[in-house]
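Student: Input file: upload.pdb. Contents: PDB, C-alpha atoms.
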```
ATOM      1  CA  MET A   1      -6.070   3.477  17.237
ATOM      2  CA  PRO A   2      -9.053   2.980  14.923
ATOM      3  CA  PRO A   3     -12.438   2.745  16.658
ATOM      4  CA  ASN A   4     -12.378   1.164  20.110
ATOM      5  CA  GLY A   5     -11.877  -2.591  20.110
ATOM      6  CA  PHE A   6      -9.736  -2.780  16.971
ATOM      7  CA  ARG A   7      -6.060  -2.828  16.171
ATOM      8  CA  LEU A   8      -3.720  -2.523  13.198
ATOM      9  CA  SER A   9      -1.610  -5.451  12.037
ATOM     10  CA  ALA A  10       0.986  -5.022   9.332
ATOM     11  CA  ALA A  11       3.625  -6.780   7.250
ATOM     12  CA  THR A  12       6.161  -5.815   4.605
ATOM     13  CA  GLY A  13       7.702  -7.766   1.750
ATOM     14  CA  LEU A  14      10.772  -7.091  -0.399
ATOM     15  CA  HIS A  15      12.365  -9.377  -3.003
ATOM     16  CA  GLN A  16      15.033  -8.826  -5.622
ATOM     17  CA  GLY A  17      13.221 -11.035  -8.096
ATOM     18  CA  ASP A  18      15.339 -12.134 -11.018
ATOM     19  CA  ARG A  19      17.100  -8.799 -11.434
ATOM     20  CA  PRO A  20      20.848  -8.402 -10.744
ATOM     21  CA  TYR A  21      20.192  -5.714  -8.093
ATOM     22  CA  GLN A  22      17.461  -4.363  -5.842
ATOM     23  CA  GLN A  23      16.010  -0.896  -6.479
ATOM     24  CA  ASP A  24      12.719  -1.158  -4.581
ATOM     25  CA  GLN A  25      12.553   0.216  -1.046
ATOM     26  CA  VAL A  26       9.857  -0.051   1.627
ATOM     27  CA  ALA A  27       9.412   1.686   4.973
ATOM     28  CA  LEU A  28       6.696   1.158   7.574
ATOM     29  CA  MET A  29       7.056   3.687  10.385
ATOM     30  CA  GLY A  30       5.200   3.953  13.648
ATOM     31  CA  HIS A  31       4.916   7.390  15.213
ATOM     32  CA  PRO A  32       7.378   7.821  18.120
ATOM     33  CA  GLN A  33       4.757   9.382  20.433
ATOM     34  CA  ARG A  34       1.364   8.229  19.149
ATOM     35  CA  PRO A  35       0.552   4.506  18.973
ATOM     36  CA  GLY A  36      -1.740   3.717  16.072
ATOM     37  CA  CYS A  37      -0.264   6.454  13.851
ATOM     38  CA  LEU A  38       1.827   5.111  10.996
ATOM     39  CA  LEU A  39       3.331   5.993   7.629
ATOM     40  CA  ALA A  40       3.822   3.390   4.892
ATOM     41  CA  VAL A  41       6.037   4.071   1.856
ATOM     42  CA  VAL A  42       6.853   1.954  -1.211
ATOM     43  CA  ALA A  43       9.361   3.338  -3.734
ATOM     44  CA  ASP A  44      10.460   1.685  -6.991
ATOM     45  CA  GLY A  45      13.724   3.199  -8.224
ATOM     46  CA  MET A  46      14.766   3.472 -11.862
ATOM     47  CA  GLY A  47      17.897   4.664 -13.611
ATOM     48  CA  GLY A  48      20.571   2.026 -13.466
ATOM     49  CA  ARG A  49      21.946   0.068 -10.544
ATOM     50  CA  SER A  50      23.057   2.974  -8.353
ATOM     51  CA  GLY A  51      20.782   5.682  -9.766
ATOM     52  CA  GLY A  52      17.526   3.874  -9.112
ATOM     53  CA  ARG A  53      18.629   2.710  -5.689
ATOM     54  CA  LYS A  54      19.630   6.249  -4.697
ATOM     55  CA  ALA A  55      16.297   7.622  -5.879
ATOM     56  CA  SER A  56      14.178   5.143  -3.921
ATOM     57  CA  GLU A  57      16.366   5.574  -0.845
ATOM     58  CA  GLN A  58      15.850   9.323  -1.065
ATOM     59  CA  VAL A  59      12.080   8.836  -1.009
ATOM     60  CA  VAL A  60      12.359   6.761   2.177
ATOM     61  CA  MET A  61      14.818   9.157   3.858
ATOM     62  CA  THR A  62      12.580  12.129   3.104
ATOM     63  CA  ALA A  63       9.582  10.277   4.544
ATOM     64  CA  GLN A  64      11.466   9.455   7.739
ATOM     65  CA  GLN A  65      12.546  13.057   8.253
ATOM     66  CA  LEU A  66       9.078  14.492   7.694
ATOM     67  CA  PHE A  67       7.258  11.897   9.793
ATOM     68  CA  ALA A  68       9.559  12.526  12.751
ATOM     69  CA  ARG A  69       8.144  16.083  12.912
ATOM     70  CA  TYR A  70       4.526  15.145  12.218
ATOM     71  CA  SER A  71       1.839  15.872  14.829
ATOM     72  CA  PRO A  72      -1.384  13.829  14.434
ATOM     73  CA  ASP A  73      -3.279  16.462  16.443
ATOM     74  CA  ASP A  74      -2.134  19.527  14.513
ATOM     75  CA  ASP A  75      -0.932  18.500  11.037
ATOM     76  CA  GLU A  76      -2.849  17.323   7.993
ATOM     77  CA  PRO A  77      -1.899  13.879   6.622
ATOM     78  CA  GLY A  78      -2.347  15.068   3.043
ATOM     79  CA  ALA A  79      -0.017  18.013   3.570
ATOM     80  CA  LEU A  80       2.775  15.729   4.786
ATOM     81  CA  LEU A  81       2.349  13.362   1.840
ATOM     82  CA  ARG A  82       2.377  16.200  -0.675
ATOM     83  CA  GLN A  83       5.528  17.585   0.950
ATOM     84  CA  LEU A  84       7.083  14.122   0.765
ATOM     85  CA  VAL A  85       6.570  13.964  -2.990
ATOM     86  CA  ASP A  86       7.719  17.554  -3.580
ATOM     87  CA  GLU A  87      10.901  17.296  -1.500
ATOM     88  CA  ALA A  88      11.903  13.830  -2.706
ATOM     89  CA  HIS A  89      11.398  14.933  -6.313
ATOM     90  CA  THR A  90      13.589  17.997  -5.775
ATOM     91  CA  VAL A  91      16.441  16.050  -4.206
ATOM     92  CA  ILE A  92      16.327  13.372  -6.902
ATOM     93  CA  ARG A  93      16.515  16.070  -9.571
ATOM     94  CA  LEU A  94      19.535  17.606  -7.827
ATOM     95  CA  THR A  95      21.201  14.197  -7.828
ATOM     96  CA  ALA A  96      20.655  13.975 -11.574
ATOM     97  CA  LEU A  97      22.242  17.392 -12.112
ATOM     98  CA  SER A  98      25.324  16.517 -10.062
ATOM     99  CA  SER A  99      26.012  13.183 -11.765
ATOM    100  CA  GLU A 100      25.701  11.427 -15.099
ATOM    101  CA  GLN A 101      22.885   9.260 -13.785
ATOM    102  CA  GLU A 102      19.197   9.736 -14.499
ATOM    103  CA  PRO A 103      17.597   8.606 -11.234
ATOM    104  CA  HIS A 104      13.827   8.283 -10.977
ATOM    105  CA  SER A 105      11.435   6.688  -8.535
ATOM    106  CA  THR A 106       7.791   5.926  -8.076
ATOM    107  CA  VAL A 107       6.096   6.373  -4.714
ATOM    108  CA  ALA A 108       2.991   4.894  -3.112
ATOM    109  CA  ALA A 109       2.423   6.071   0.450
ATOM    110  CA  PHE A 110      -0.338   6.304   3.017
ATOM    111  CA  LEU A 111      -0.513   7.903   6.441
ATOM    112  CA  LEU A 112      -2.985   6.811   9.123
ATOM    113  CA  ASN A 113      -3.859   8.749  12.252
ATOM    114  CA  PRO A 114      -4.874   6.988  15.491
ATOM    115  CA  ASP A 115      -8.571   7.516  14.658
ATOM    116  CA  GLY A 116      -8.249   5.488  11.442
ATOM    117  CA  ARG A 117      -8.385   8.525   9.179
ATOM    118  CA  GLY A 118      -5.582   9.682   6.944
ATOM    119  CA  ALA A 119      -4.541  10.112   3.322
ATOM    120  CA  LEU A 120      -2.801   8.326   0.475
ATOM    121  CA  ILE A 121      -0.673   9.527  -2.427
ATOM    122  CA  HIS A 122       1.102   8.026  -5.398
ATOM    123  CA  ALA A 123       3.233   8.978  -8.387
ATOM    124  CA  GLY A 124       4.220   6.515 -11.087
ATOM    125  CA  ASP A 125       2.998   2.924 -11.313
ATOM    126  CA  SER A 126       3.359   1.737  -7.733
ATOM    127  CA  ARG A 127      -0.172   1.205  -6.439
ATOM    128  CA  ILE A 128      -2.353   1.411  -3.355
ATOM    129  CA  TYR A 129      -5.395  -0.849  -2.966
ATOM    130  CA  LEU A 130      -8.103  -0.455  -0.319
ATOM    131  CA  PHE A 131     -10.147  -3.569   0.469
ATOM    132  CA  ARG A 132     -13.164  -4.066   2.737
ATOM    133  CA  ARG A 133     -13.547  -7.704   3.801
ATOM    134  CA  GLY A 134     -11.844  -8.774   0.594
ATOM    135  CA  ARG A 135     -13.804  -6.518  -1.751
ATOM    136  CA  LEU A 136     -11.939  -3.801  -3.636
ATOM    137  CA  LEU A 137     -13.115  -0.301  -2.722
ATOM    138  CA  ARG A 138     -10.427   1.754  -4.434
ATOM    139  CA  ARG A 139      -7.119   1.554  -6.215
ATOM    140  CA  THR A 140      -4.815   4.240  -7.521
ATOM    141  CA  ARG A 141      -4.493   4.772 -11.278
ATOM    142  CA  ASP A 142      -0.992   4.461 -12.704
ATOM    143  CA  HIS A 143       0.788   7.377 -14.313
ATOM    144  CA  SER A 144       1.665   5.235 -17.319
ATOM    145  CA  TYR A 145       1.163   5.151 -21.067
ATOM    146  CA  VAL A 146      -1.102   2.101 -20.958
ATOM    147  CA  GLU A 147      -3.249   3.594 -18.180
ATOM    148  CA  VAL A 148      -3.978   6.527 -20.475
ATOM    149  CA  LEU A 149      -5.128   4.042 -23.118
ATOM    150  CA  ILE A 150      -7.289   2.241 -20.554
ATOM    151  CA  GLN A 151      -8.971   5.477 -19.532
ATOM    152  CA  ARG A 152      -9.672   6.216 -23.211
ATOM    153  CA  GLY A 153     -11.277   2.813 -23.617
ATOM    154  CA  GLU A 154      -8.611   1.665 -26.083
ATOM    155  CA  LEU A 155      -7.238  -1.125 -23.876
ATOM    156  CA  THR A 156      -8.549  -3.434 -21.171
ATOM    157  CA  GLU A 157      -6.546  -3.871 -17.988
ATOM    158  CA  ASN A 158      -5.613  -7.400 -19.013
ATOM    159  CA  GLU A 159      -4.438  -6.218 -22.444
ATOM    160  CA  ALA A 160      -2.379  -3.504 -20.780
ATOM    161  CA  LEU A 161      -0.386  -6.103 -18.822
ATOM    162  CA  HIS A 162       0.995  -7.515 -22.075
ATOM    163  CA  HIS A 163       1.305  -4.283 -24.061
ATOM    164  CA  PRO A 164       4.831  -3.653 -25.462
ATOM    165  CA  LYS A 165       4.847  -0.190 -23.849
ATOM    166  CA  ALA A 166       3.473  -1.313 -20.479
ATOM    167  CA  ASN A 167       6.603  -0.111 -18.646
ATOM    168  CA  ILE A 168       6.554   3.462 -19.993
ATOM    169  CA  LEU A 169       5.650   6.030 -17.344
ATOM    170  CA  VAL A 170       4.210   9.464 -18.022
ATOM    171  CA  GLY A 171       5.044  10.649 -14.521
ATOM    172  CA  CYS A 172       7.299   9.807 -11.572
ATOM    173  CA  LEU A 173       9.728  11.469  -9.175
ATOM    174  CA  GLY A 174      12.870  12.878 -10.783
ATOM    175  CA  MET A 175      11.412  13.604 -14.217
ATOM    176  CA  GLN A 176      12.463  16.903 -15.761
ATOM    177  CA  SER A 177       9.140  18.679 -15.374
ATOM    178  CA  THR A 178       8.834  21.096 -12.451
ATOM    179  CA  LEU A 179       6.599  18.746 -10.467
ATOM    180  CA  PRO A 180       5.602  15.163 -11.179
ATOM    181  CA  PRO A 181       1.944  14.239 -11.497
ATOM    182  CA  MET A 182       0.614  12.978  -8.194
ATOM    183  CA  ASP A 183      -2.756  11.789  -6.942
ATOM    184  CA  LEU A 184      -3.674  12.614  -3.352
ATOM    185  CA  ALA A 185      -6.853  11.296  -1.707
ATOM    186  CA  PRO A 186      -8.260  11.179   1.836
ATOM    187  CA  ILE A 187      -8.854   8.023   3.828
ATOM    188  CA  ASP A 188     -12.172   8.801   5.486
ATOM    189  CA  GLY A 189     -12.056   6.202   8.223
ATOM    190  CA  LEU A 190     -11.122   2.546   8.334
ATOM    191  CA  GLN A 191     -13.424  -0.188   9.604
ATOM    192  CA  PRO A 192     -12.779  -3.681  10.905
ATOM    193  CA  GLY A 193     -12.080  -5.937   7.960
ATOM    194  CA  ASP A 194     -10.427  -3.156   5.942
ATOM    195  CA  ALA A 195      -6.945  -3.535   4.472
ATOM    196  CA  LEU A 196      -4.523  -1.232   2.677
ATOM    197  CA  LEU A 197      -1.966  -2.671   0.272
ATOM    198  CA  ALA A 198       0.832  -0.575  -1.244
ATOM    199  CA  CYS A 199       3.037  -2.369  -3.767
ATOM    200  CA  SER A 200       5.312  -1.989  -6.773
ATOM    201  CA  ASP A 201       4.525  -3.280 -10.258
ATOM    202  CA  GLY A 202       6.769  -6.269  -9.632
ATOM    203  CA  LEU A 203       3.965  -7.595  -7.420
ATOM    204  CA  TRP A 204       0.649  -6.295  -8.799
ATOM    205  CA  HIS A 205       1.502  -7.375 -12.349
ATOM    206  CA  TYR A 206       0.743 -10.982 -11.373
ATOM    207  CA  PHE A 207      -2.567 -10.599  -9.523
ATOM    208  CA  THR A 208      -6.114  -9.474 -10.109
ATOM    209  CA  PRO A 209      -7.752  -7.340  -7.398
ATOM    210  CA  GLU A 210     -10.001 -10.309  -6.618
ATOM    211  CA  GLU A 211      -6.986 -12.511  -5.950
ATOM    212  CA  PHE A 212      -5.405  -9.882  -3.738
ATOM    213  CA  GLY A 213      -8.633  -9.428  -1.803
ATOM    214  CA  ALA A 214      -9.198 -13.133  -1.228
ATOM    215  CA  VAL A 215      -5.704 -13.765   0.144
ATOM    216  CA  ILE A 216      -5.724 -10.666   2.343
ATOM    217  CA  ALA A 217      -9.173 -11.348   3.785
ATOM    218  CA  ARG A 218      -8.448 -14.971   4.673
ATOM    219  CA  HIS A 219      -5.020 -14.684   6.279
ATOM    220  CA  PRO A 220      -3.136 -12.637   8.883
ATOM    221  CA  ALA A 221      -1.047  -9.833   7.422
ATOM    222  CA  ARG A 222       2.294 -11.614   7.672
ATOM    223  CA  VAL A 223       0.992 -14.847   6.157
ATOM    224  CA  ALA A 224      -0.773 -12.969   3.336
ATOM    225  CA  ALA A 225       2.390 -11.010   2.507
ATOM    226  CA  GLU A 226       4.486 -14.182   2.346
ATOM    227  CA  MET A 227       1.922 -15.933   0.172
ATOM    228  CA  LEU A 228       1.748 -13.036  -2.287
ATOM    229  CA  VAL A 229       5.520 -12.772  -2.615
ATOM    230  CA  ASN A 230       5.923 -16.516  -3.103
ATOM    231  CA  GLU A 231       3.127 -16.739  -5.658
ATOM    232  CA  ALA A 232       4.445 -13.721  -7.591
ATOM    233  CA  ARG A 233       7.828 -15.418  -7.772
ATOM    234  CA  ARG A 234       6.227 -18.629  -9.019
ATOM    235  CA  ARG A 235       4.183 -16.835 -11.684
ATOM    236  CA  ALA A 236       7.207 -14.806 -12.822
ATOM    237  CA  ALA A 237       8.839 -18.096 -13.906
ATOM    238  CA  GLY A 238      12.375 -16.768 -13.737
ATOM    239  CA  SER A 239      11.763 -13.320 -15.261
ATOM    240  CA  GLY A 240      10.419 -11.355 -12.290
ATOM    241  CA  ASP A 241      11.192  -7.741 -11.446
ATOM    242  CA  ASN A 242      12.056  -6.383  -8.002
ATOM    243  CA  LEU A 243       8.890  -6.533  -5.910
ATOM    244  CA  SER A 244       7.798  -4.852  -2.716
ATOM    245  CA  LEU A 245       4.689  -4.470  -0.598
ATOM    246  CA  ILE A 246       3.291  -3.096   2.627
ATOM    247  CA  LEU A 247       0.051  -4.553   3.964
ATOM    248  CA  VAL A 248      -1.916  -3.025   6.847
ATOM    249  CA  LYS A 249      -5.077  -4.684   8.149
ATOM    250  CA  VAL A 250      -7.677  -3.457  10.626
ATOM    251  CA  ASP A 251      -8.352  -6.385  12.935
ATOM    252  CA  GLU A 252     -11.007  -6.813  15.575
ATOM    253  CA  LEU A 253      -9.675  -7.476  19.056
ATOM    254  CA  PRO A 254     -10.600 -10.836  20.577
ATOM    255  CA  ARG A 255     -13.634 -10.544  22.783
ATOM    256  CA  PRO A 256     -12.876 -10.886  26.510
ATOM    257  CA  ALA A 257     -13.749 -14.201  28.073
ATOM    258  CA  ALA A 258     -17.106 -14.233  29.832
ATOM    259  CA  ALA A 259     -17.063 -14.156  33.632
ATOM    260  CA  PRO A 260     -18.146 -17.321  35.474
ATOM    261  CA  GLY A 261     -21.898 -17.650  35.298
ATOM    262  CA  ALA A 262     -22.226 -15.058  32.556
ATOM    263  CA  GLY A 263     -23.462 -17.624  30.070
ATOM    264  CA  ARG A 264     -26.302 -18.731  32.321
ATOM    265  CA  GLU A 265     -27.315 -15.117  32.962
ATOM    266  CA  ALA A 266     -27.326 -14.293  29.260
ATOM    267  CA  TYR A 267     -29.488 -17.302  28.503
ATOM    268  CA  ALA A 268     -31.893 -16.444  31.274
ATOM    269  CA  ALA A 269     -32.218 -12.910  29.961
ATOM    270  CA  GLY A 270     -32.572 -14.125  26.364
ATOM    271  CA  GLU A 271     -29.719 -11.827  25.196
ATOM    272  CA  ASP A 272     -27.695 -14.327  23.184
ATOM    273  CA  PRO A 273     -29.601 -16.641  20.810
ATOM    274  CA  LEU A 274     -26.517 -18.848  20.447
ATOM    275  CA  LEU A 275     -26.911 -19.855  24.095
ATOM    276  CA  ARG A 276     -30.566 -20.846  23.849
ATOM    277  CA  ALA A 277     -31.209 -24.500  24.645
ATOM    278  CA  SER A 278     -33.391 -26.702  22.489
ATOM    279  CA  PRO A 279     -37.033 -26.819  23.634
ATOM    280  CA  ARG A 280     -37.818 -29.645  25.989
ATOM    281  CA  ARG A 281     -39.939 -32.409  24.583
TER     282      ARG A 281
END
```
What would you get if you wrote out this structure as structure tokens?
Tutor:
Amino acid sequence: MPPNGFRLSAATGLHQGDRPYQQDQVALMGHPQRPGCLLAVVADGMGGRSGGRKASEQVVMTAQQLFARYSPDDDEPGALLRQLVDEAHTVIRLTALSSEQEPHSTVAAFLLNPDGRGALIHAGDSRIYLFRRGRLLRRTRDHSYVEVLIQRGELTENEALHHPKANILVGCLGMQSTLPPMDLAPIDGLQPGDALLACSDGLWHYFTPEEFGAVIARHPARVAAEMLVNEARRRAAGSGDNLSLILVKVDELPRPAAAPGAGREAYAAGEDPLLRASPRR
């Protein structure tokens, strides 16, 4: 678990959108021996109906196999995530060689240990956002053509959303280079009020970070996930892509009820200003 007195709550979302088939995949896995240890994976497949689906499924299958052997006490979260990207990329490339398909997939994944520390990784344009009480602390930077232009100062993020080459990736799993570009970063320690959101471009395309943060901060994980999916579908207006998300929140446990008489004792000791009576007149 994260620091004493807190718990993780989580939700996933997956929708076909207005596409004829689903190529996104999500997996939220709890460790079989260690409560509070989890792995979250979002994969957005590309390459035709069966090719893209096979690629994203391979990302999830690889994650499941690696996480089953993961030891929170002995293994490094970043090492597992890097191995996930390397092995999934290799298998997807082998699939391409043995068929006429050109399967590719993005990945956005994070692993949390019971102490609230961990790591995150991504390749492609599926994203991970980290919020603290609704305020954005960090988001991954897409491996895309328009992201390169943003970093050069040639485009704003809003302009990039409507750029004619917004869907062109410069890196993802299954591309012909030896290894895809990937960004790996530590998660130094979560606090109450923190939230991690991993999602495909079919979701983040329709929201600003401020909108994400407001919804996530104000609602339980499941309610927030449902609201985001429904609003993305509304904003897509009949032309939406596959969309997927995993949301994990760090929640504070309810405080135990006070024992009989505890309120009077606290007031007498002056420990809780909320219990102080108004001065007598």
Student: Tell me which of A:His104, A:Lys249, A:Arg141, A:Arg132 sits closest to Gln58 of chain A, counting all atoms listed in the file.
Tutor: A:His104
Student: Taking only C-alpha atoms into account, name the residue in A:Leu149, A:Cys199, A:Ala224, A:Leu243 that is nearest to Ala108 of chain A.
Tutor: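 Distance minimum relative to Ala108 of chain A lands on A:Cys199.
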Student: Mind running segment 153-271 of chain A against segment 114-131 of chain A at 8 Å and telling me each contacting residue's nearest atom pair with the distance in Å (one decimal), counting all atoms listed in the file, chain and number ascending, as JSON lines?
Tutor:
```
{"residue": "A:Leu169", "atom": "CA", "partner": "A:Gly124", "partner_atom": "CA", "distance": 6.4}
{"residue": "A:Val170", "atom": "CA", "partner": "A:Gly124", "partner_atom": "CA", "distance": 7.5}
{"residue": "A:Gly171", "atom": "CA", "partner": "A:Gly124", "partner_atom": "CA", "distance": 5.4}
{"residue": "A:Cys172", "atom": "CA", "partner": "A:Gly124", "partner_atom": "CA", "distance": 4.5}
{"residue": "A:Leu173", "atom": "CA", "partner": "A:Ala123", "partner_atom": "CA", "distance": 7.0}
{"residue": "A:Pro180", "atom": "CA", "partner": "A:Ala123", "partner_atom": "CA", "distance": 7.2}
{"residue": "A:Pro181", "atom": "CA", "partner": "A:Ala123", "partner_atom": "CA", "distance": 6.2}
{"residue": "A:Met182", "atom": "CA", "partner": "A:Ala123", "partner_atom": "CA", "distance": 4.8}
{"residue": "A:Asp183", "atom": "CA", "partner": "A:Ile121", "partner_atom": "CA", "distance": 5.5}
{"residue": "A:Leu184", "atom": "CA", "partner": "A:Ile121", "partner_atom": "CA", "distance": 4.4}
{"residue": "A:Ala185", "atom": "CA", "partner": "A:Leu120", "partner_atom": "CA", "distance": 5.5}
{"residue": "A:Pro186", "atom": "CA", "partner": "A:Ala119", "partner_atom": "CA", "distance": 4.1}
{"residue": "A:Ile187", "atom": "CA", "partner": "A:Gly118", "partner_atom": "CA", "distance": 4.8}
{"residue": "A:Asp188", "atom": "CA", "partner": "A:Arg117", "partner_atom": "CA", "distance": 5.3}
{"residue": "A:Gly189", "atom": "CA", "partner": "A:Arg117", "partner_atom": "CA", "distance": 4.4}
{"residue": "A:Leu190", "atom": "CA", "partner": "A:Gly116", "partner_atom": "CA", "distance": 5.2}
{"residue": "A:Gln191", "atom": "CA", "partner": "A:Gly116", "partner_atom": "CA", "distance": 7.9}
{"residue": "A:Asp194", "atom": "CA", "partner": "A:Phe131", "partner_atom": "CA", "distance": 5.5}
{"residue": "A:Ala195", "atom": "CA", "partner": "A:Phe131", "partner_atom": "CA", "distance": 5.1}
{"residue": "A:Leu196", "atom": "CA", "partner": "A:Leu130", "partner_atom": "CA", "distance": 4.7}
{"residue": "A:Leu197", "atom": "CA", "partner": "A:Tyr129", "partner_atom": "CA", "distance": 5.1}
{"residue": "A:Ala198", "atom": "CA", "partner": "A:Ile128", "partner_atom": "CA", "distance": 4.3}
{"residue": "A:Cys199", "atom": "CA", "partner": "A:Arg127", "partner_atom": "CA", "distance": 5.5}
{"residue": "A:Ser200", "atom": "CA", "partner": "A:Ser126", "partner_atom": "CA", "distance": 4.3}
{"residue": "A:Asp201", "atom": "CA", "partner": "A:Ser126", "partner_atom": "CA", "distance": 5.7}
{"residue": "A:Trp204", "atom": "CA", "partner": "A:Arg127", "partner_atom": "CA", "distance": 7.9}
{"residue": "A:Gly213", "atom": "CA", "partner": "A:Phe131", "partner_atom": "CA", "distance": 6.5}
```
Student: Using the chain letters and numbers from the file, give me the residues hit by the PyMOL selection byres ((chain A and resi 79) around 12), as a list in words.
Tutor: Leu66, Phe67, Tyr70, Ser71, Pro72, Asp74, Asp75, Glu76, Pro77, Gly78, Leu80, Leu81, Arg82, Gln83, Leu84, Val85, Asp86, Phe110, Leu111, Gly118, Ala119, Leu120, Ile121, Leu184, Ala185 and Pro186 of chain A
Student: With all atoms of segment 105-112 of chain A from the file as input, state the centre and edge lengths in Å to one decimal of the axis-aligned box that has 6 Å extra on each side, as lines of an AutoDock Vina configuration file.
Tutor:
```
center_x = 4.2
center_y = 6.4
center_z = 0.3
size_x = 26.4
size_y = 15.0
size_z = 29.7
```
Student: Selected by the PyMOL selection byres ((chain A and resi 46) around 8) in the shown coordinates: which residues, as an NGL selection string?
Tutor: :A and (23 or 44-45 or 47-48 or 51-53 or 55 or 103-105)
Student: For His31 of chain A, work out the shell of residues within 9 Å, counting only C-alpha atoms and skipping chain neighbours fewer than 5 positions away, then give it as a PDB file with C-alpha atoms, in the frame of the given file.
Tutor:
```
ATOM      1  CA  GLY A  36      -1.740   3.717  16.072  1.00  0.00           C
ATOM      2  CA  CYS A  37      -0.264   6.454  13.851  1.00  0.00           C
ATOM      3  CA  LEU A  38       1.827   5.111  10.996  1.00  0.00           C
ATOM      4  CA  LEU A  39       3.331   5.993   7.629  1.00  0.00           C
ATOM      5  CA  PHE A  67       7.258  11.897   9.793  1.00  0.00           C
ATOM      6  CA  ALA A  68       9.559  12.526  12.751  1.00  0.00           C
ATOM      7  CA  TYR A  70       4.526  15.145  12.218  1.00  0.00           C
TER       8      TYR A  70
END
```
